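**Q** First the structure, which I've put down as structure tokens, then a few questions once you've had a look.
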Amino acid sequence: MAIRVVATGGTIASLADPETGAVSPAVSAEDLVRGVPGLADLGPIAVEEVDKVNGWNVTPATMLEVARRVSAALADDAVDGVVVTHGTDTVEETAFLCDVTVASEKPVVFAAAMRSGDEVAADGPRNLLCAARVAADPAARGLGALLVLNDEIHAARWARKQNSRLASAFASPGRGAIGAVTPTLPVRIAMPAPRRFTVPLPAALDRPVPIVQTYTGIEEGLIEAVLEATGAAGLVLEGTGLGNVPGSAEPGIRAALERGLPVVVATRVPTGGTGPVYEGPGGGVTLRELGVVEARSLSAAKARLLLMLLAAGGGDAAAVRDELARGASALEAW
């Protein structure tokens, strides 16, 4: 049995500056693993460091590199599973990207922490040990990418950070954790293998896809200005309720569609997803008639990554829209 650890930094690898108190990544991947009691008991653990940054500074390029490293590690017959250490601010995004690009049935499990290594009751070592136990367990095969924090196992497709301070920061809104794990008790998985949706790993994720969070009275020219400023290859809108946007956003949406760009609408509401129910300016029915794709239960951030992956494949806008709709539907189910 062998586990590979892929490290990116984050609070789990951070310490406070003794003079300023400011927290930043300071612990090497090797020292991070070495400092977890009981981790070595799981068998050989190889470590590689992709980056050492705070979670909010992880880029799509870094996420893609993590997915490449994970895929390469899992292709090794000697590796039973991979653990990725990551900052909590964006771990749900990198985990989601791995969920839809890593085709292996072997476990890929993300570990993170809400407290730095020198805080009272630091949660990083326990989360890392628990994640490694899940990665080593055959029960985790075929479940896609997972996130382990606070003794809970979450599916990457559903996991979202819900609190900026607590050790119990992560939840799967409307779904719940799919299992539980502690440093000593057996891994418990409460769900069968999901319906997977995967796309090939692209060479790069360098085609911009901005997210516009809509708001009441949004200025008519805002979306077009964003498209111009970014050279967008697609657009994600974060709407209200079931995925409705103010009518004043419609000219910008039409402009994006006329450029041949795929446009997706998500909702700022954590549970329930999107649905074409309402007519009228900016309503879900109106957006569907225009050609806007529903993100369904995907957050705006995850819809953006999926759209970036599909846009990187080089297909035309119609093909990207169709595949995006298929993916959003598949990822809503389990």
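Labeling convention for the structure tokens: chains A, B, ... as they appear, residues from 1 per chain, ligands from 1 in order of appearance.
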Using DSSP on the backbone coordinates, identify all residues within segment 86-333 of chain A classified as strand (DSSP E); present the result as a PDB file with N, CA and C atoms, in the first residue's frame.

**A**
```
ATOM      1  N   VAL A 108      -8.782  10.075  -4.966  1.00  0.00           N
ATOM      2  CA  VAL A 108      -8.042  11.322  -4.835  1.00  0.00           C
ATOM      3  C   VAL A 108      -8.777  12.132  -3.781  1.00  0.00           C
ATOM      4  N   VAL A 109      -8.075  12.456  -2.692  1.00  0.00           N
ATOM      5  CA  VAL A 109      -8.705  13.023  -1.502  1.00  0.00           C
ATOM      6  C   VAL A 109      -7.995  14.318  -1.122  1.00  0.00           C
ATOM      7  N   PHE A 110      -8.750  15.383  -0.959  1.00  0.00           N
ATOM      8  CA  PHE A 110      -8.190  16.682  -0.606  1.00  0.00           C
ATOM      9  C   PHE A 110      -8.270  16.887   0.899  1.00  0.00           C
ATOM     10  N   ALA A 111      -7.175  17.399   1.447  1.00  0.00           N
ATOM     11  CA  ALA A 111      -7.099  17.730   2.870  1.00  0.00           C
ATOM     12  C   ALA A 111      -6.739  19.202   3.008  1.00  0.00           C
ATOM     13  N   ALA A 145     -13.371  12.760  -6.924  1.00  0.00           N
ATOM     14  CA  ALA A 145     -12.567  13.513  -5.961  1.00  0.00           C
ATOM     15  C   ALA A 145     -13.367  13.766  -4.690  1.00  0.00           C
ATOM     16  N   LEU A 146     -12.660  13.672  -3.562  1.00  0.00           N
ATOM     17  CA  LEU A 146     -13.287  13.826  -2.254  1.00  0.00           C
ATOM     18  C   LEU A 146     -12.567  14.904  -1.452  1.00  0.00           C
ATOM     19  N   LEU A 147     -13.256  15.445  -0.469  1.00  0.00           N
ATOM     20  CA  LEU A 147     -12.693  16.436   0.441  1.00  0.00           C
ATOM     21  C   LEU A 147     -12.927  15.961   1.863  1.00  0.00           C
ATOM     22  N   VAL A 148     -11.850  15.888   2.660  1.00  0.00           N
ATOM     23  CA  VAL A 148     -11.959  15.406   4.044  1.00  0.00           C
ATOM     24  C   VAL A 148     -11.528  16.509   4.997  1.00  0.00           C
ATOM     25  N   LEU A 149     -12.470  16.965   5.815  1.00  0.00           N
ATOM     26  CA  LEU A 149     -12.198  17.916   6.895  1.00  0.00           C
ATOM     27  C   LEU A 149     -13.166  17.624   8.031  1.00  0.00           C
ATOM     28  N   GLU A 152     -15.367  14.541   8.290  1.00  0.00           N
ATOM     29  CA  GLU A 152     -16.410  14.309   7.293  1.00  0.00           C
ATOM     30  C   GLU A 152     -15.793  14.112   5.910  1.00  0.00           C
ATOM     31  N   ILE A 153     -16.469  13.298   5.113  1.00  0.00           N
ATOM     32  CA  ILE A 153     -16.055  13.055   3.734  1.00  0.00           C
ATOM     33  C   ILE A 153     -17.103  13.687   2.826  1.00  0.00           C
ATOM     34  N   HIS A 154     -16.657  14.626   1.981  1.00  0.00           N
ATOM     35  CA  HIS A 154     -17.567  15.321   1.075  1.00  0.00           C
ATOM     36  C   HIS A 154     -17.190  15.035  -0.374  1.00  0.00           C
ATOM     37  N   ALA A 155     -18.194  14.965  -1.227  1.00  0.00           N
ATOM     38  CA  ALA A 155     -17.966  14.854  -2.665  1.00  0.00           C
ATOM     39  C   ALA A 155     -17.563  16.209  -3.209  1.00  0.00           C
ATOM     40  N   ARG A 160     -18.804  22.897  -0.439  1.00  0.00           N
ATOM     41  CA  ARG A 160     -18.626  24.343  -0.499  1.00  0.00           C
ATOM     42  C   ARG A 160     -18.240  24.859   0.885  1.00  0.00           C
ATOM     43  N   LYS A 161     -17.361  25.849   0.906  1.00  0.00           N
ATOM     44  CA  LYS A 161     -16.989  26.483   2.161  1.00  0.00           C
ATOM     45  C   LYS A 161     -18.134  27.383   2.610  1.00  0.00           C
ATOM     46  N   PHE A 170     -16.826  23.416   6.075  1.00  0.00           N
ATOM     47  CA  PHE A 170     -17.310  22.866   4.808  1.00  0.00           C
ATOM     48  C   PHE A 170     -18.578  22.045   4.988  1.00  0.00           C
ATOM     49  N   ALA A 171     -19.419  22.162   3.977  1.00  0.00           N
ATOM     50  CA  ALA A 171     -20.661  21.394   3.931  1.00  0.00           C
ATOM     51  C   ALA A 171     -20.962  21.082   2.475  1.00  0.00           C
ATOM     52  N   GLY A 179     -19.810  10.494   3.860  1.00  0.00           N
ATOM     53  CA  GLY A 179     -19.197   9.517   4.745  1.00  0.00           C
ATOM     54  C   GLY A 179     -18.505  10.187   5.911  1.00  0.00           C
ATOM     55  N   ALA A 180     -17.856   9.365   6.723  1.00  0.00           N
ATOM     56  CA  ALA A 180     -17.160   9.867   7.906  1.00  0.00           C
ATOM     57  C   ALA A 180     -15.886   9.072   8.116  1.00  0.00           C
ATOM     58  N   ARG A 188     -16.216   5.156   6.794  1.00  0.00           N
ATOM     59  CA  ARG A 188     -17.610   4.829   6.508  1.00  0.00           C
ATOM     60  C   ARG A 188     -18.083   5.659   5.311  1.00  0.00           C
ATOM     61  N   ILE A 189     -18.516   4.967   4.266  1.00  0.00           N
ATOM     62  CA  ILE A 189     -19.058   5.620   3.080  1.00  0.00           C
ATOM     63  C   ILE A 189     -20.535   5.292   2.998  1.00  0.00           C
ATOM     64  N   ILE A 211     -16.695  35.647 -14.330  1.00  0.00           N
ATOM     65  CA  ILE A 211     -17.970  35.510 -13.622  1.00  0.00           C
ATOM     66  C   ILE A 211     -18.480  36.909 -13.310  1.00  0.00           C
ATOM     67  N   VAL A 212     -19.713  37.170 -13.669  1.00  0.00           N
ATOM     68  CA  VAL A 212     -20.353  38.435 -13.314  1.00  0.00           C
ATOM     69  C   VAL A 212     -21.444  38.132 -12.298  1.00  0.00           C
ATOM     70  N   GLN A 213     -21.256  38.640 -11.090  1.00  0.00           N
ATOM     71  CA  GLN A 213     -22.298  38.508 -10.074  1.00  0.00           C
ATOM     72  C   GLN A 213     -23.328  39.601 -10.336  1.00  0.00           C
ATOM     73  N   LEU A 235     -18.910  33.104 -20.596  1.00  0.00           N
ATOM     74  CA  LEU A 235     -19.371  33.973 -19.525  1.00  0.00           C
ATOM     75  C   LEU A 235     -20.222  33.174 -18.547  1.00  0.00           C
ATOM     76  N   VAL A 236     -19.981  33.401 -17.260  1.00  0.00           N
ATOM     77  CA  VAL A 236     -20.814  32.817 -16.216  1.00  0.00           C
ATOM     78  C   VAL A 236     -21.493  33.953 -15.468  1.00  0.00           C
ATOM     79  N   LEU A 237     -22.795  33.853 -15.307  1.00  0.00           N
ATOM     80  CA  LEU A 237     -23.567  34.812 -14.540  1.00  0.00           C
ATOM     81  C   LEU A 237     -23.987  34.170 -13.228  1.00  0.00           C
ATOM     82  N   GLU A 238     -23.824  34.884 -12.133  1.00  0.00           N
ATOM     83  CA  GLU A 238     -24.375  34.424 -10.869  1.00  0.00           C
ATOM     84  C   GLU A 238     -25.646  35.212 -10.627  1.00  0.00           C
ATOM     85  N   GLY A 239     -26.781  34.521 -10.750  1.00  0.00           N
ATOM     86  CA  GLY A 239     -28.062  35.177 -10.598  1.00  0.00           C
ATOM     87  C   GLY A 239     -28.654  34.956  -9.221  1.00  0.00           C
ATOM     88  N   VAL A 263     -22.812  31.025 -22.649  1.00  0.00           N
ATOM     89  CA  VAL A 263     -23.177  31.768 -21.446  1.00  0.00           C
ATOM     90  C   VAL A 263     -23.901  30.821 -20.504  1.00  0.00           C
ATOM     91  N   VAL A 264     -23.504  30.837 -19.233  1.00  0.00           N
ATOM     92  CA  VAL A 264     -24.068  29.961 -18.214  1.00  0.00           C
ATOM     93  C   VAL A 264     -24.629  30.818 -17.092  1.00  0.00           C
ATOM     94  N   VAL A 265     -25.760  30.411 -16.539  1.00  0.00           N
ATOM     95  CA  VAL A 265     -26.298  31.105 -15.376  1.00  0.00           C
ATOM     96  C   VAL A 265     -26.334  30.151 -14.191  1.00  0.00           C
ATOM     97  N   ALA A 266     -25.744  30.587 -13.074  1.00  0.00           N
ATOM     98  CA  ALA A 266     -25.774  29.869 -11.803  1.00  0.00           C
ATOM     99  C   ALA A 266     -26.606  30.704 -10.831  1.00  0.00           C
ATOM    100  N   THR A 267     -26.715  30.238  -9.604  1.00  0.00           N
ATOM    101  CA  THR A 267     -27.445  30.998  -8.600  1.00  0.00           C
ATOM    102  C   THR A 267     -26.577  31.230  -7.377  1.00  0.00           C
ATOM    103  N   VAL A 293     -27.224  28.556 -20.819  1.00  0.00           N
ATOM    104  CA  VAL A 293     -27.204  27.218 -20.226  1.00  0.00           C
ATOM    105  C   VAL A 293     -27.354  27.332 -18.715  1.00  0.00           C
ATOM    106  N   GLU A 294     -28.119  26.428 -18.137  1.00  0.00           N
ATOM    107  CA  GLU A 294     -28.270  26.395 -16.679  1.00  0.00           C
ATOM    108  C   GLU A 294     -27.095  25.671 -16.027  1.00  0.00           C
TER     109      GLU A 294
END
```

**Q** DSSP on the backbone: which residues in segment 52-240 of chain A end up as helix (DSSP H, G or I)? Give the answer as a PyMOL selection string.

**A** chain A and resi 55-57+60-74+91-101+124-135+138-140+222-230

**Q** Restricting the calculation to only C-alpha atoms, which member of A:Arg268, A:Arg304, A:Arg326, A:Arg69 is positioned closest to Thr198 of chain A?

**A**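 Looking only at the distances to Thr198 of chain A, the closest residue turns out to be A:Arg326.
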
**Q** Applying 7 Å and only C-alpha atoms, which residues near Leu261 of chain A remain after dropping the ones on its own chain fewer than 4 positions away? List them as a list in words.

**A**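 Selected residues are Ala233, Gly234, Ala256, Leu257 and Ala317 of chain A.
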
**Q** Give the answer as one residue: which of A:Thr240, A:Thr184, A:Asn150, A:Thr59 has the shortest atom-to-atom distance to Leu305 of chain A, using only C-alpha atoms?

**A** A:Thr59

**Q** Given only C-alpha atoms as the basis, pick out the residue of A:Thr20, A:Thr11, A:Thr88, A:Thr62 nearest to Ala204 of chain A.

**A**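 Counting only C-alpha atoms, the residue closest to Ala204 of chain A is A:Thr62.
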
**Q** Just checking: using only C-alpha atoms, which residue out of A:Leu331, A:Met308, A:Ala318, A:Val33 ends up closest to Ala295 of chain A?

**A**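 Selected residue with least distance to Ala295 of chain A: A:Leu331.
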
**Q** From the options A:Met114, A:Ser299, A:Val277, A:Val292, which residue's atoms come nearest to Pro173 of chain A, counting only C-alpha atoms?

**A**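 Of A:Met114, A:Ser299, A:Val277, A:Val292, the one nearest Pro173 of chain A, counting only C-alpha atoms, is A:Ser299.
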
**Q** Find the spatial neighbours of segment 134-138 of chain A, counting only C-alpha atoms, within a cut-off of 7 Å - ignore same-chain residues fewer than 3 positions away - and output them as a list in words.

**A**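 Here the qualifying residues turn out to be Ile3, Asp80, Gly81, Val82, Val83, Pro107, Val108, Val109, Cys130, Ala131, Arg141 and Val187 of chain A.
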
**Q** Write out as number ranges by chain each polymer residue whose atoms come within 7 Å of Leu74 of chain A, counting only C-alpha atoms; drop sequence neighbours fewer than 3 positions from it.

**A** A: 70-71, 79, 81, 104, 106

**Q** Set the distance at 6 Å and use only C-alpha atoms: which residues neighbour Gly9 of chain A once local chain neighbours fewer than 4 positions away are removed? I'd like the list as an NGL selection string.

**A** :A and (13 or 25 or 52-53 or 86)

**Q** Would you write out those residues with N, CA and C atoms, as an mmCIF file, in the first residue's frame?

**A**
```cif
data_model
loop_
_atom_site.group_PDB
_atom_site.id
_atom_site.type_symbol
_atom_site.label_atom_id
_atom_site.label_comp_id
_atom_site.auth_asym_id
_atom_site.auth_seq_id
_atom_site.Cartn_x
_atom_site.Cartn_y
_atom_site.Cartn_z
ATOM 1 N N ALA A 13 -0.331 24.158 5.766
ATOM 2 C CA ALA A 13 1.132 24.229 5.735
ATOM 3 C C ALA A 13 1.639 25.575 6.237
ATOM 4 N N PRO A 25 2.097 30.266 4.293
ATOM 5 C CA PRO A 25 2.696 28.940 4.114
ATOM 6 C C PRO A 25 4.185 28.955 4.426
ATOM 7 N N LYS A 52 3.509 26.445 -3.034
ATOM 8 C CA LYS A 52 3.385 26.738 -1.612
ATOM 9 C C LYS A 52 2.781 28.138 -1.484
ATOM 10 N N VAL A 53 1.462 28.220 -1.716
ATOM 11 C CA VAL A 53 0.775 29.507 -1.732
ATOM 12 C C VAL A 53 -0.496 29.426 -0.891
ATOM 13 N N HIS A 86 -4.169 21.561 0.480
ATOM 14 C CA HIS A 86 -4.622 22.752 -0.246
ATOM 15 C C HIS A 86 -5.189 23.764 0.732
#
```

**Q** For Ala112 of chain A, which residue out of A:Ile218, A:Ala325, A:Ile223, A:Ala169 is the nearest one, using only C-alpha atoms?

**A**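 With only C-alpha atoms as the atom set, the closest residue is A:Ala169.
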
**Q** If we count only C-alpha atoms, what is near Ala122 of chain A at a cut-off of 10 Å, once residues fewer than 6 positions away on the same chain are taken out, given as a count of residues only?

**A** 7
